[in-house]
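Source file: run-v8.cif; contents: mmCIF, C-alpha atoms.
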data_coords
loop_
_atom_site.label_atom_id
_atom_site.label_comp_id
_atom_site.auth_asym_id
_atom_site.auth_seq_id
_atom_site.Cartn_x
_atom_site.Cartn_y
_atom_site.Cartn_z
CA MET A 1 13.65 -0.03 -2.47
CA CYS A 2 13.16 -2.80 0.02
CA LEU A 3 14.52 -1.13 3.05
CA GLN A 4 13.30 -3.64 5.57
CA PHE A 5 14.79 -6.48 3.70
CA ARG A 6 18.09 -4.76 3.52
CA LEU A 7 17.98 -3.98 7.19
CA ALA A 8 17.67 -7.65 7.88
CA ASN A 9 20.91 -7.98 5.93
CA MET A 10 22.65 -4.90 7.14
CA ASP A 11 25.39 -4.95 4.52
CA ALA A 12 23.20 -3.47 1.81
CA TYR A 13 21.50 -0.45 3.34
CA ASP A 14 21.76 2.15 0.62
CA LEU A 15 19.77 3.55 -2.24
CA ASP A 16 21.36 1.95 -5.24
CA GLY A 17 19.25 0.51 -7.99
CA ARG A 18 19.69 -3.08 -6.91
CA SER A 19 16.33 -4.66 -6.43
CA CYS A 20 14.97 -6.52 -3.48
CA ALA A 21 14.56 -9.80 -5.29
CA LEU A 22 18.20 -9.67 -6.26
CA ALA A 23 19.23 -8.85 -2.73
CA PHE A 24 17.08 -11.72 -1.58
CA ALA A 25 18.52 -14.21 -4.03
CA GLY A 26 21.98 -12.81 -3.60
CA ASN A 27 21.97 -13.28 0.12
CA ALA A 28 20.55 -16.74 -0.08
CA ARG A 29 23.16 -17.72 -2.61
CA GLN A 30 26.10 -15.99 -1.09
CA SER A 31 27.44 -19.06 0.65
CA SER A 32 27.56 -21.17 -2.48
CA THR A 33 28.68 -18.73 -5.14
CA PRO A 34 30.18 -15.26 -5.08
CA SER A 35 28.26 -13.97 -8.14
CA ARG A 36 25.35 -12.45 -6.28
CA GLY A 37 22.13 -12.89 -8.20
CA ALA A 38 23.80 -12.46 -11.55
CA TYR A 39 21.77 -15.23 -13.14
CA LEU A 40 18.48 -13.50 -12.37
CA LEU A 41 19.46 -10.84 -14.88
CA GLY A 42 19.23 -13.46 -17.59
CA LYS A 43 22.92 -14.29 -17.81
CA GLU A 44 22.45 -17.85 -16.65
CA THR A 45 19.70 -20.16 -17.77
CA ASP A 46 20.30 -23.12 -15.51
CA VAL A 47 16.81 -24.07 -14.35
CA ARG A 48 18.10 -26.25 -11.59
CA ALA A 49 20.20 -23.49 -10.06
CA LYS A 50 17.19 -21.23 -10.36
CA LEU A 51 14.96 -23.68 -8.50
CA GLN A 52 17.62 -24.18 -5.87
CA THR A 53 17.86 -20.45 -5.31
CA TRP A 54 14.09 -20.15 -5.12
CA TRP A 55 14.05 -22.84 -2.48
CA GLN A 56 16.82 -21.13 -0.55
CA GLY A 57 14.93 -17.88 -0.83
CA LEU A 58 11.79 -19.50 0.52
CA ARG A 59 13.69 -21.00 3.43
CA TYR A 60 15.23 -17.64 4.28
CA ARG A 61 14.12 -16.45 7.68
CA GLY A 62 14.29 -12.73 8.24
CA GLY A 63 12.21 -12.77 11.40
CA GLY A 64 9.63 -10.17 12.36
CA THR A 65 10.89 -7.51 9.98
CA MET A 66 10.62 -9.90 7.05
CA ILE A 67 7.02 -10.72 7.97
CA ALA A 68 6.33 -6.99 8.16
CA TRP A 69 7.89 -6.49 4.74
CA LEU A 70 5.81 -9.32 3.29
CA LEU A 71 2.55 -8.08 4.81
CA HIS A 72 3.30 -4.53 3.68
CA ARG A 73 3.79 -5.69 0.13
CA LEU A 74 0.75 -7.97 0.16
CA GLY A 75 -1.42 -5.20 1.59
CA GLY A 76 -0.19 -2.69 -0.96
CA LEU A 77 -0.95 -4.98 -3.88
CA ALA A 78 -4.34 -5.88 -2.41
CA MET A 79 -5.22 -2.20 -2.08
CA VAL A 80 -4.21 -1.41 -5.66
CA VAL A 81 -6.52 -4.17 -6.89
CA PHE A 82 -9.34 -3.33 -4.48
CA VAL A 83 -9.34 0.43 -4.96
CA GLY A 84 -8.76 0.11 -8.70
CA MET A 85 -11.76 -2.20 -9.15
CA HIS A 86 -13.84 0.02 -6.90
CA VAL A 87 -13.07 3.23 -8.81
CA PHE A 88 -13.64 1.52 -12.15
CA ALA A 89 -16.94 0.04 -10.98
CA SER A 90 -18.15 3.38 -9.65
CA PHE A 91 -17.27 4.96 -12.98
CA LEU A 92 -19.29 2.32 -14.84
CA THR A 93 -22.21 2.73 -12.44
CA GLN A 94 -22.19 6.49 -12.68
CA GLN A 95 -21.82 6.78 -16.43
CA PHE A 96 -23.59 3.72 -17.80
CA GLY A 97 -25.85 2.65 -14.96
CA SER A 98 -24.11 -0.69 -14.90
CA ASP A 99 -24.79 -3.21 -12.14
CA ILE A 100 -21.13 -4.18 -11.71
CA GLY A 101 -20.67 -1.66 -8.92
CA THR A 102 -23.58 -3.05 -6.91
CA ALA A 103 -22.40 -6.60 -7.53
CA ILE A 104 -18.89 -6.05 -6.22
CA ASN A 105 -20.16 -3.86 -3.39
CA ILE A 106 -21.93 -6.94 -2.03
CA VAL A 107 -18.56 -8.69 -1.90
CA TYR A 108 -16.74 -5.67 -0.50
CA GLN A 109 -19.28 -5.14 2.27
CA SER A 110 -19.30 -8.74 3.48
CA PRO A 111 -17.55 -9.20 6.84
CA TYR A 112 -15.36 -12.02 5.48
CA PHE A 113 -13.91 -9.61 2.95
CA GLN A 114 -13.76 -6.70 5.39
CA ALA A 115 -11.84 -8.49 8.14
CA PRO A 116 -8.73 -9.38 6.10
CA LEU A 117 -8.94 -6.10 4.20
CA TYR A 118 -8.86 -4.04 7.38
CA PHE A 119 -6.00 -6.16 8.64
CA LEU A 120 -3.93 -5.38 5.55
CA VAL A 121 -4.88 -1.70 5.35
CA ILE A 122 -4.22 -0.90 9.02
CA PHE A 123 -1.01 -2.89 8.96
CA HIS A 124 0.13 -1.12 5.79
CA ALA A 125 -0.55 2.29 7.33
CA LEU A 126 1.24 1.55 10.60
CA ASN A 127 4.15 -0.18 8.93
CA GLY A 128 4.54 2.73 6.53
CA LEU A 129 4.62 5.08 9.48
CA ARG A 130 7.35 2.98 11.07
CA ILE A 131 9.39 3.03 7.86
CA ILE A 132 9.05 6.81 7.58
CA LEU A 133 10.05 7.30 11.22
CA LEU A 134 13.07 5.02 11.02
CA ASP A 135 14.15 6.54 7.71
CA THR A 136 13.94 10.01 9.18
CA PHE A 137 15.84 9.07 12.34
CA PRO A 138 18.35 6.44 11.21
CA LYS A 139 19.76 6.14 14.72
CA LEU A 140 16.59 4.29 15.66
CA LEU A 141 17.37 1.59 13.09
CA GLU A 142 19.43 -0.13 15.75
CA TYR A 143 16.20 -0.84 17.62
CA GLN A 144 14.46 -2.17 14.53
CA ARG A 145 13.35 -5.42 16.16
CA GLU A 146 11.93 -3.71 19.23
CA VAL A 147 10.15 -1.13 17.09
CA THR A 148 8.56 -3.93 15.08
CA TRP A 149 7.23 -5.48 18.29
CA LEU A 150 5.97 -2.06 19.40
CA GLN A 151 4.21 -1.77 16.07
CA TRP A 152 2.26 -4.97 16.78
CA VAL A 153 1.38 -3.60 20.21
CA VAL A 154 -0.20 -0.57 18.52
CA PHE A 155 -1.71 -2.63 15.72
CA ILE A 156 -3.56 -5.22 17.78
CA PRO A 157 -5.94 -2.83 19.63
CA LEU A 158 -6.59 -0.84 16.44
CA TYR A 159 -7.43 -3.93 14.44
CA GLY A 160 -9.32 -5.31 17.42
CA LEU A 161 -11.55 -2.25 17.28
CA ALA A 162 -12.27 -2.85 13.60
CA VAL A 163 -13.04 -6.53 14.27
CA PHE A 164 -15.27 -5.50 17.16
CA PHE A 165 -17.37 -3.32 14.85
CA ILE A 166 -17.52 -6.02 12.18
CA ILE A 167 -18.68 -8.64 14.70
CA ALA A 168 -21.13 -6.22 16.30
CA ARG A 169 -22.64 -5.70 12.85
CA ILE A 170 -23.00 -9.42 12.27
CA ILE A 171 -24.66 -9.95 15.66
CA SER A 172 -27.10 -7.09 15.24
CA GLY A 173 -27.93 -8.58 11.85
CA GLU A 174 -28.03 -5.39 9.82
CA MET B 175 22.54 -4.73 14.46
CA ARG B 176 24.30 -1.49 13.75
CA SER B 177 23.38 1.26 11.31
CA ARG B 178 25.89 3.00 9.14
CA THR B 179 25.69 6.33 7.39
CA VAL B 180 25.49 6.55 3.64
CA PRO B 181 26.11 9.63 1.49
CA GLN B 182 23.18 11.80 0.47
CA PRO B 183 21.80 10.22 -2.72
CA ALA B 184 21.79 12.27 -5.90
CA MET B 185 18.54 13.48 -7.39
CA SER B 186 17.26 10.64 -9.53
CA PHE B 187 13.90 9.23 -10.50
CA GLU B 188 14.22 6.54 -7.83
CA TYR B 189 15.09 9.05 -5.12
CA ILE B 190 12.25 11.39 -6.05
CA MET B 191 9.77 8.52 -6.01
CA TRP B 192 11.23 7.32 -2.70
CA MET B 193 10.51 10.75 -1.25
CA PHE B 194 7.10 10.89 -2.88
CA THR B 195 6.11 7.54 -1.38
CA ARG B 196 6.82 8.84 2.11
CA ILE B 197 5.22 12.25 1.60
CA SER B 198 2.09 10.83 0.00
CA GLY B 199 1.84 8.17 2.69
CA LEU B 200 1.88 10.81 5.41
CA ALA B 201 -0.54 12.95 3.41
CA LEU B 202 -2.97 10.04 3.07
CA LEU B 203 -2.83 9.39 6.81
CA PHE B 204 -3.54 13.07 7.43
CA LEU B 205 -6.33 13.31 4.86
CA GLY B 206 -7.85 10.09 6.16
CA GLY B 207 -7.81 11.57 9.66
CA VAL B 208 -9.53 14.73 8.42
CA GLY B 209 -12.13 12.67 6.59
CA LEU B 210 -12.76 10.47 9.62
CA VAL B 211 -13.22 13.39 12.00
CA MET B 212 -15.45 15.21 9.53
CA ALA B 213 -17.52 12.06 8.99
CA PHE B 214 -18.16 11.92 12.72
CA VAL B 215 -18.90 15.64 12.89
CA MET B 216 -21.36 15.40 10.01
CA GLY B 217 -23.37 12.63 11.66
CA GLY B 218 -21.49 9.43 10.84
CA ARG B 219 -21.34 8.42 14.49
CA LYS B 220 -24.99 7.49 14.36
CA LEU B 221 -24.49 5.13 11.43
CA LEU B 222 -21.28 3.44 12.37
CA ASP B 223 -20.73 0.46 10.15
CA LEU B 224 -17.28 0.10 8.69
CA PRO B 225 -18.06 0.16 4.96
CA THR B 226 -19.98 3.40 5.34
CA LEU B 227 -17.33 4.92 7.55
CA ALA B 228 -14.63 4.00 5.05
CA ARG B 229 -16.65 5.67 2.28
CA TRP B 230 -17.03 8.83 4.31
CA THR B 231 -13.42 8.85 5.37
CA PHE B 232 -11.63 8.35 2.10
CA PHE B 233 -14.02 9.54 -0.54
CA PRO B 234 -16.71 11.90 0.70
CA ASN B 235 -18.61 12.02 -2.55
CA PRO B 236 -22.41 12.35 -2.80
CA ASN B 237 -22.42 9.66 -5.45
CA HIS B 238 -20.36 7.43 -3.19
CA VAL B 239 -22.18 7.68 0.11
CA VAL B 240 -25.55 7.35 -1.60
CA ASN B 241 -24.91 3.59 -1.49
CA SER B 242 -25.26 3.76 2.28
CA ASN B 243 -28.42 4.53 4.23
CA ILE B 244 -27.45 8.11 5.05
CA PRO B 245 -30.21 10.56 4.20
CA ASP B 246 -29.65 13.62 2.03
CA VAL B 247 -25.88 13.56 1.64
CA THR B 248 -25.86 16.33 -0.92
CA GLN B 249 -26.32 18.90 1.86
CA GLY B 250 -22.84 18.40 3.30
CA TRP B 251 -20.67 16.90 0.62
CA ALA B 252 -21.53 18.51 -2.71
CA ASN B 253 -19.26 21.51 -2.69
CA ALA B 254 -15.91 22.61 -4.05
CA TYR B 255 -14.06 21.99 -0.80
CA TRP B 256 -14.83 18.28 -0.75
CA GLN B 257 -14.28 17.99 -4.48
CA ILE B 258 -10.77 19.38 -4.07
CA MET B 259 -10.19 17.11 -1.07
CA GLN B 260 -11.28 14.13 -3.13
CA ILE B 261 -9.06 15.05 -6.05
CA VAL B 262 -6.08 15.41 -3.69
CA ILE B 263 -6.85 12.06 -2.03
CA ALA B 264 -7.31 10.41 -5.43
CA PHE B 265 -4.04 11.85 -6.72
CA PHE B 266 -2.01 10.77 -3.70
CA GLY B 267 -3.71 7.40 -3.39
CA ILE B 268 -3.52 6.39 -7.03
CA SER B 269 0.04 7.67 -7.46
CA HIS B 270 1.22 6.00 -4.25
CA GLY B 271 -0.44 2.75 -5.29
CA PHE B 272 0.83 2.59 -8.83
CA ASN B 273 4.31 3.68 -7.82
CA GLY B 274 4.27 0.84 -5.28
CA LEU B 275 3.16 -1.55 -8.02
CA ARG B 276 6.05 -0.32 -10.16
CA VAL B 277 8.54 -0.89 -7.34
CA VAL B 278 7.24 -4.42 -6.72
CA ILE B 279 7.33 -5.32 -10.41
CA GLU B 280 10.81 -3.89 -10.91
CA ASP B 281 12.00 -5.85 -7.89
CA TYR B 282 11.19 -9.07 -9.65
CA ILE B 283 12.07 -8.33 -13.28
CA GLY B 284 15.40 -6.65 -12.62
CA ASN B 285 17.17 -4.46 -15.12
CA THR B 286 15.88 -5.99 -18.35
CA ILE B 287 14.23 -4.71 -21.51
CA TRP B 288 10.86 -5.23 -19.83
CA GLN B 289 11.56 -2.52 -17.26
CA PRO B 290 10.98 0.58 -19.46
CA MET B 291 8.05 -1.10 -21.19
CA LEU B 292 6.29 -1.96 -17.95
CA ARG B 293 7.08 1.50 -16.63
CA GLY B 294 5.34 3.02 -19.63
CA LEU B 295 2.39 0.67 -19.24
CA ILE B 296 2.02 1.52 -15.55
CA PHE B 297 2.18 5.21 -16.42
CA LEU B 298 -0.66 4.79 -18.90
CA VAL B 299 -2.77 2.83 -16.40
CA TRP B 300 -2.06 5.50 -13.78
CA LEU B 301 -3.17 8.20 -16.21
CA PHE B 302 -6.34 6.26 -17.05
CA PHE B 303 -7.26 5.87 -13.38
CA MET B 304 -6.48 9.52 -12.60
CA ILE B 305 -8.70 10.77 -15.43
CA MET B 306 -11.45 8.35 -14.43
CA ALA B 307 -11.32 9.34 -10.76
CA VAL B 308 -11.38 13.07 -11.52
CA PHE B 309 -14.24 12.48 -13.94
CA VAL B 310 -16.25 10.60 -11.30
CA ILE B 311 -15.61 13.36 -8.76
CA LEU B 312 -16.52 16.27 -11.00
CA ALA B 313 -19.52 14.60 -12.59
CA SER B 314 -21.25 13.58 -9.38
#
So, in terms of structure tokens, how does the structure I just supplied come out?
Amino acid sequence: MCLQFRLANMDAYDLDGRSCALAFAGNARQSSTPSRGAYLLGKETDVRAKLQTWWQGLRYRGGGTMIAWLLHRLGGLAMVVFVGMHVFASFLTQQFGSDIGTAINIVYQSPYFQAPLYFLVIFHALNGLRIILLDTFPKLLEYQREVTWLQWVVFIPLYGLAVFFIIARIISGE
Amino acid sequence: MRSRTVPQPAMSFEYIMWMFTRISGLALLFLGGVGLVMAFVMGGRKLLDLPTLARWTFFPNPNHVVNSNIPDVTQGWANAYWQIMQIVIAFFGISHGFNGLRVVIEDYIGNTIWQPMLRGLIFLVWLFFMIMAVFVILAS
């Protein structure tokens, strides 16, 4: 399901069950061996080849779309953890009068937590919108790189607004 | 870069979840917009700090906004309309999130014996969080 990653490697844009990590490893390995990512399925246990592929995967440069894919994934995981902890804490507070909710609220409300969180959340929302738009109108996929730049153009003022309010809150000292 | 057309995929679990991710993402954007506008309408513009605004936007619950310095929230929020809104937001948010977690995990484990086990585990965690969220909404 890693559309953006596949778009960076246009040969694999379809909906088969092949995973992103395999596409990643497969593409990095393609030059050396034709068996694309087969060892990741547990067929091969050569640690050295594994490390080599990891290194090749890390060196892989997909450009702006790859960064967007990475940030989208990071933001999604961060939100699952953040919202999950928050719901659980509110449940404990409501039902058992526990102090956990208040304790983590202090962390959640601090500007140093808020700033990166808003970055990830706003980026995730905008990037998701881009993916939906490009999936719905596949013709636009040819302008993927330009659309990704456009996305940053929309993102920066939106996030700037959030940062402005965070900084204004720090300065006013409330 | 050039796109190519692929045949319409058959109905499968992956395809349905692919659709669901997009639909729930759009729904969350829409519901967040409704919550944001309503937060401003109901007086949030006078108390504009981001944590409070985020509470009002995504989870307008009397028990939730009581953590902020907004007076007498029960007047506006404690009714069936906002409870239904919250349940819908919770359903879309939690399902979108845990489905995303499933996709990420299955990207890295591949097609092994762990896949159905982790799928079952994620389903149970999803169910736990859904029940908990609905409980919090209805009990506050």
Exercise for review: List every protein, DNA or RNA residue that has an atom no more than 9 Å from (-12.9, 16.1, -0.3) in the file's coordinate frame, counting all atoms listed in the file, and report them as a list in words.
Suggested key: Leu205, Gly209, Phe232, Phe233, Pro234, Asn235, Trp251, Asn253, Ala254, Tyr255, Trp256, Gln257, Ile258, Met259, Gln260, Ile261, Val262 and Ile263 of chain B
Practice item. Expand the PyMOL selection byres ((chain A and resi 102) around 9) into the individual residues it matches in the shown file, reporting them as a VMD selection string. Key: (chain A and resid 89 to 90 93 98 to 101 103 to 106) or (chain B and resid 241)
Interface, chain B side, toward chain A (9 Å; all atoms listed in the file) as an mmCIF file with C-alpha atoms, in the frame of the given file:
data_model
loop_
_atom_site.group_PDB
_atom_site.id
_atom_site.type_symbol
_atom_site.label_atom_id
_atom_site.label_comp_id
_atom_site.auth_asym_id
_atom_site.auth_seq_id
_atom_site.Cartn_x
_atom_site.Cartn_y
_atom_site.Cartn_z
ATOM 1 C CA MET B 175 22.540 -4.730 14.460
ATOM 2 C CA ARG B 176 24.300 -1.490 13.750
ATOM 3 C CA SER B 177 23.380 1.260 11.310
ATOM 4 C CA ARG B 178 25.890 3.000 9.140
ATOM 5 C CA THR B 179 25.690 6.330 7.390
ATOM 6 C CA VAL B 180 25.490 6.550 3.640
ATOM 7 C CA PRO B 181 26.110 9.630 1.490
ATOM 8 C CA PRO B 183 21.800 10.220 -2.720
ATOM 9 C CA GLU B 188 14.220 6.540 -7.830
ATOM 10 C CA TYR B 189 15.090 9.050 -5.120
ATOM 11 C CA TRP B 192 11.230 7.320 -2.700
ATOM 12 C CA ARG B 196 6.820 8.840 2.110
ATOM 13 C CA ILE B 197 5.220 12.250 1.600
ATOM 14 C CA GLY B 199 1.840 8.170 2.690
ATOM 15 C CA LEU B 200 1.880 10.810 5.410
ATOM 16 C CA LEU B 203 -2.830 9.390 6.810
ATOM 17 C CA LEU B 222 -21.280 3.440 12.370
ATOM 18 C CA ASP B 223 -20.730 0.460 10.150
ATOM 19 C CA LEU B 224 -17.280 0.100 8.690
ATOM 20 C CA PRO B 225 -18.060 0.160 4.960
ATOM 21 C CA ASN B 237 -22.420 9.660 -5.450
ATOM 22 C CA HIS B 238 -20.360 7.430 -3.190
ATOM 23 C CA ASN B 241 -24.910 3.590 -1.490
ATOM 24 C CA ILE B 268 -3.520 6.390 -7.030
ATOM 25 C CA GLY B 271 -0.440 2.750 -5.290
ATOM 26 C CA PHE B 272 0.830 2.590 -8.830
ATOM 27 C CA GLY B 274 4.270 0.840 -5.280
ATOM 28 C CA LEU B 275 3.160 -1.550 -8.020
ATOM 29 C CA VAL B 277 8.540 -0.890 -7.340
ATOM 30 C CA VAL B 278 7.240 -4.420 -6.720
ATOM 31 C CA GLU B 280 10.810 -3.890 -10.910
ATOM 32 C CA ASP B 281 12.000 -5.850 -7.890
ATOM 33 C CA TYR B 282 11.190 -9.070 -9.650
ATOM 34 C CA ILE B 283 12.070 -8.330 -13.280
ATOM 35 C CA GLY B 284 15.400 -6.650 -12.620
ATOM 36 C CA ASN B 285 17.170 -4.460 -15.120
ATOM 37 C CA THR B 286 15.880 -5.990 -18.350
ATOM 38 C CA PHE B 303 -7.260 5.870 -13.380
ATOM 39 C CA MET B 306 -11.450 8.350 -14.430
ATOM 40 C CA ALA B 307 -11.320 9.340 -10.760
ATOM 41 C CA PHE B 309 -14.240 12.480 -13.940
ATOM 42 C CA VAL B 310 -16.250 10.600 -11.300
ATOM 43 C CA ALA B 313 -19.520 14.600 -12.590
ATOM 44 C CA SER B 314 -21.250 13.580 -9.380
#
Practice item. Report the distance between atom CA of Val107 of chain A and atom CA of Phe82 of chain A in Å, rounded to one decimal place. Key: 11.0 Å
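Atom CA of Asn127 of chain A to atom CA of Phe204 of chain B spans 15.4 Å [interatomic distance, one decimal].
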